[in-house]
Amino acid sequence: MRFAAGGLVVLLLAALAARWLANDYLFFAAFVVLQFVVLATAWNILGGYGGYVNFGTGAFVATGAYAAVALQKLADLPLPLLVLAGTAAGAVLGSALGLLTLRLRGIYFAIATLAITIILETVVLNWDYVGGARGITLDRPHEDPFFGTYNRMLVVLMAGMAVVAVGIARWVGVSAFGRALSAIRDSEDAAEACGVPTLRRKVQAATLSGAMMGAAGAPLPLYLSFVDHTAAFGLNYAVSAMAMPMIGGTGHWIGPVIGAVLLGTAQQAVTVTISSEVNVLITGLLLIGFVVAAPRGILGWLGR
């Protein structure tokens, strides 16, 4: 009940800010941070609870983004259907990834997720319908009747998606499904011996994680009014989605939120004051610092 009340407060504050604040850059930064919250939370389901490190976040974001682009170009569907399409596309990719690669473990699984990203990027580069290497510009409304601009409405939408994603992760953490993933993370052989259907649970986790990442990617081309392979398959997605749960603390629903807010805010501050090219450097330095000083993240350091 308290979480639901907190989520409603977050949505109300986002709506009021979108209605009354004048600084448009704050909304661009808020969109990025909220998208990071969804991505970090999604990564944590498979990587934090299950212990399987996924370097393919960019593939899932791009899958959601290009699913929305293809359907918007085909039938000019309304925004909710585009987000649902991105969610479904991410779920399909996550399920396929799970069935194909989750029998691998450790670094072999991580390399397989990276390879899938490269394969999908090559497909997009040669798919002229969604712009190919040139990218594609989307026609979408510039104004919104309530929030003033379409981009502000998308920020409120992303706030709602972040609340839903965190709510799902919170449920996973206390459910039998989450306990099965934790058992797989601690010892997959022991979990299998105790009757946990390990492959099924891993595929389910990959599907859920992929669906959330695809949903986070679907509004991206509409927010930017343009998308190409560089924006959709950006290295920053893969690095940040892994770094944020590690900074905040993996294996708990609030850890990725803390890491996403901290890292996302730092990156946006660096973008304004120094350069956007320094973002990945800042991510790397923060990750190294936390691995050395607080290997279990902020939550682990506080608990100690």
# chains A, B, ... in the order shown; residues from 1 in each chain; ligands from 1

call {"tool": "select_by_dssp", "arguments": {"residues": "range 110-232 of chain A", "states": "helix (DSSP H, G or I)", "output": "MDAnalysis selection string"}}
result
chainID A and resid 110:125 128:130 132:134 150:174 176:186 188:193 198:217 220:224 229:232

call {"tool": "closest_atom_pairs", "arguments": {"of": "range 141-184 of chain A", "to": "range 37-55 of chain A", "cutoff": "12 Å", "atoms": "only C-alpha atoms", "output": "JSON lines"}}
result
{"residue": "A:Leu157", "atom": "CA", "partner": "A:Val38", "partner_atom": "CA", "distance": 11.9}
{"residue": "A:Met158", "atom": "CA", "partner": "A:Val38", "partner_atom": "CA", "distance": 8.5}
{"residue": "A:Ala159", "atom": "CA", "partner": "A:Val38", "partner_atom": "CA", "distance": 9.2}
{"residue": "A:Gly160", "atom": "CA", "partner": "A:Val38", "partner_atom": "CA", "distance": 10.1}
{"residue": "A:Met161", "atom": "CA", "partner": "A:Val38", "partner_atom": "CA", "distance": 7.1}
{"residue": "A:Ala162", "atom": "CA", "partner": "A:Val38", "partner_atom": "CA", "distance": 5.1}
{"residue": "A:Val163", "atom": "CA", "partner": "A:Val38", "partner_atom": "CA", "distance": 8.4}
{"residue": "A:Val164", "atom": "CA", "partner": "A:Val38", "partner_atom": "CA", "distance": 8.7}
{"residue": "A:Ala165", "atom": "CA", "partner": "A:Val38", "partner_atom": "CA", "distance": 5.9}
{"residue": "A:Val166", "atom": "CA", "partner": "A:Thr41", "partner_atom": "CA", "distance": 6.4}
{"residue": "A:Gly167", "atom": "CA", "partner": "A:Thr41", "partner_atom": "CA", "distance": 9.7}
{"residue": "A:Ile168", "atom": "CA", "partner": "A:Thr41", "partner_atom": "CA", "distance": 9.0}
{"residue": "A:Ala169", "atom": "CA", "partner": "A:Thr41", "partner_atom": "CA", "distance": 6.7}
{"residue": "A:Arg170", "atom": "CA", "partner": "A:Thr41", "partner_atom": "CA", "distance": 9.6}
{"residue": "A:Trp171", "atom": "CA", "partner": "A:Ile45", "partner_atom": "CA", "distance": 10.8}
{"residue": "A:Val172", "atom": "CA", "partner": "A:Ile45", "partner_atom": "CA", "distance": 7.8}
{"residue": "A:Gly173", "atom": "CA", "partner": "A:Tyr49", "partner_atom": "CA", "distance": 7.8}
{"residue": "A:Val174", "atom": "CA", "partner": "A:Tyr49", "partner_atom": "CA", "distance": 11.0}
{"residue": "A:Ser175", "atom": "CA", "partner": "A:Tyr49", "partner_atom": "CA", "distance": 11.5}
{"residue": "A:Ala176", "atom": "CA", "partner": "A:Tyr49", "partner_atom": "CA", "distance": 12.0}
{"residue": "A:Phe177", "atom": "CA", "partner": "A:Tyr49", "partner_atom": "CA", "distance": 9.8}
{"residue": "A:Gly178", "atom": "CA", "partner": "A:Tyr49", "partner_atom": "CA", "distance": 6.7}
{"residue": "A:Arg179", "atom": "CA", "partner": "A:Tyr49", "partner_atom": "CA", "distance": 8.3}
{"residue": "A:Ala180", "atom": "CA", "partner": "A:Gly50", "partner_atom": "CA", "distance": 8.3}
{"residue": "A:Leu181", "atom": "CA", "partner": "A:Gly50", "partner_atom": "CA", "distance": 4.5}
{"residue": "A:Ser182", "atom": "CA", "partner": "A:Tyr49", "partner_atom": "CA", "distance": 5.2}
{"residue": "A:Ala183", "atom": "CA", "partner": "A:Gly50", "partner_atom": "CA", "distance": 7.9}
{"residue": "A:Ile184", "atom": "CA", "partner": "A:Gly50", "partner_atom": "CA", "distance": 6.0}

call {"tool": "select_by_dssp", "arguments": {"residues": "range 121-202 of chain A", "states": "strand (DSSP E or B)", "output": "JSON, numbers by chain"}}
result
{"A": [136, 137, 143, 144, 148, 149]}

call {"tool": "closest_atom_pairs", "arguments": {"of": "range 194-291 of chain A", "to": "range 101-106 of chain A", "cutoff": "8 Å", "atoms": "only C-alpha atoms", "output": "tab-separated table"}}
result
residue	atom	partner	partner_atom	distance
A:Leu199	CA	A:Leu102	CA	7.2
A:Lys202	CA	A:Leu102	CA	6.9
A:Val203	CA	A:Leu102	CA	7.3

call {"tool": "atom_distance", "arguments": {"atom1": "CA of Thr63 in chain A", "atom2": "CA of Ser240 in chain A"}}
result
17.8 Å

call {"tool": "residues_around", "arguments": {"residues": "range 57-61 of chain A", "least_positions_apart": "2", "cutoff": "7 Å", "atoms": "only C-alpha atoms", "output": "PyMOL selection string"}}
result
chain A and resi 54-55+63-65+90+117+120+210+213-214+216-217+232-234+237-238+241

call {"tool": "write_last_selection", "arguments": {"atoms": "C-alpha atoms", "output": "PDB file, in the first residue's frame"}}
result
ATOM      1  CA  ASN A  54      23.689  -9.318 -19.765  1.00  0.00           C
ATOM      2  CA  PHE A  55      25.718  -7.081 -22.081  1.00  0.00           C
ATOM      3  CA  THR A  63      14.225  -3.786 -30.533  1.00  0.00           C
ATOM      4  CA  GLY A  64      11.590  -1.753 -28.704  1.00  0.00           C
ATOM      5  CA  ALA A  65      12.525   1.425 -30.555  1.00  0.00           C
ATOM      6  CA  GLY A  90      11.480  -7.148 -26.190  1.00  0.00           C
ATOM      7  CA  THR A 117      23.609  -7.095 -30.138  1.00  0.00           C
ATOM      8  CA  LEU A 120      20.786  -7.146 -34.590  1.00  0.00           C
ATOM      9  CA  GLY A 210      13.521  -8.104 -22.139  1.00  0.00           C
ATOM     10  CA  MET A 213      13.816  -3.031 -21.721  1.00  0.00           C
ATOM     11  CA  GLY A 214      11.786  -3.076 -24.929  1.00  0.00           C
ATOM     12  CA  ALA A 216      11.853   1.572 -22.226  1.00  0.00           C
ATOM     13  CA  GLY A 217      13.114   1.759 -25.819  1.00  0.00           C
ATOM     14  CA  ALA A 232      19.474   2.817 -30.395  1.00  0.00           C
ATOM     15  CA  PHE A 233      22.474   0.488 -29.926  1.00  0.00           C
ATOM     16  CA  GLY A 234      24.546   2.961 -27.902  1.00  0.00           C
ATOM     17  CA  TYR A 237      22.980   1.523 -22.544  1.00  0.00           C
ATOM     18  CA  ALA A 238      24.973  -1.674 -22.064  1.00  0.00           C
ATOM     19  CA  ALA A 241      22.425  -0.783 -17.281  1.00  0.00           C
TER      20      ALA A 241
END

call {"tool": "closest_residue", "arguments": {"among": "A:Ala91, A:Phe147, A:Leu26, A:Gly7", "to": "Val272 in chain A", "atoms": "only C-alpha atoms"}}
result
A:Leu26

call {"tool": "atom_distance", "arguments": {"atom1": "CA of Ala218 in chain A", "atom2": "CA of Leu79 in chain A"}}
result
9.1 Å

call {"tool": "atom_distance", "arguments": {"atom1": "CA of Ile282 in chain A", "atom2": "CA of Ile119 in chain A"}}
result
27.9 Å

call {"tool": "residues_around", "arguments": {"residues": "Val227 in chain A", "least_positions_apart": "5", "cutoff": "8 Å", "atoms": "only C-alpha atoms", "output": "list in words"}}
result
Gly135, Ile136, Thr137, Leu220, Pro221 and Ala232 of chain A

call {"tool": "closest_residue", "arguments": {"among": "A:Val32, A:Ala243, A:Ala206, A:Ala293", "to": "Thr265 in chain A", "atoms": "only C-alpha atoms"}}
result
A:Val32

call {"tool": "residues_around", "arguments": {"residues": "Ala17 in chain A", "least_positions_apart": "6", "cutoff": "12 Å", "atoms": "only C-alpha atoms", "output": "ChimeraX atom specification"}}
result
/A:10-11,23-24,26-27,30,147-148,152-153,155-156,159

call {"tool": "closest_residue", "arguments": {"among": "A:Ala96, A:Ala211, A:Gln267, A:Gly297", "to": "Leu84 in chain A", "atoms": "only C-alpha atoms"}}
result
A:Ala211
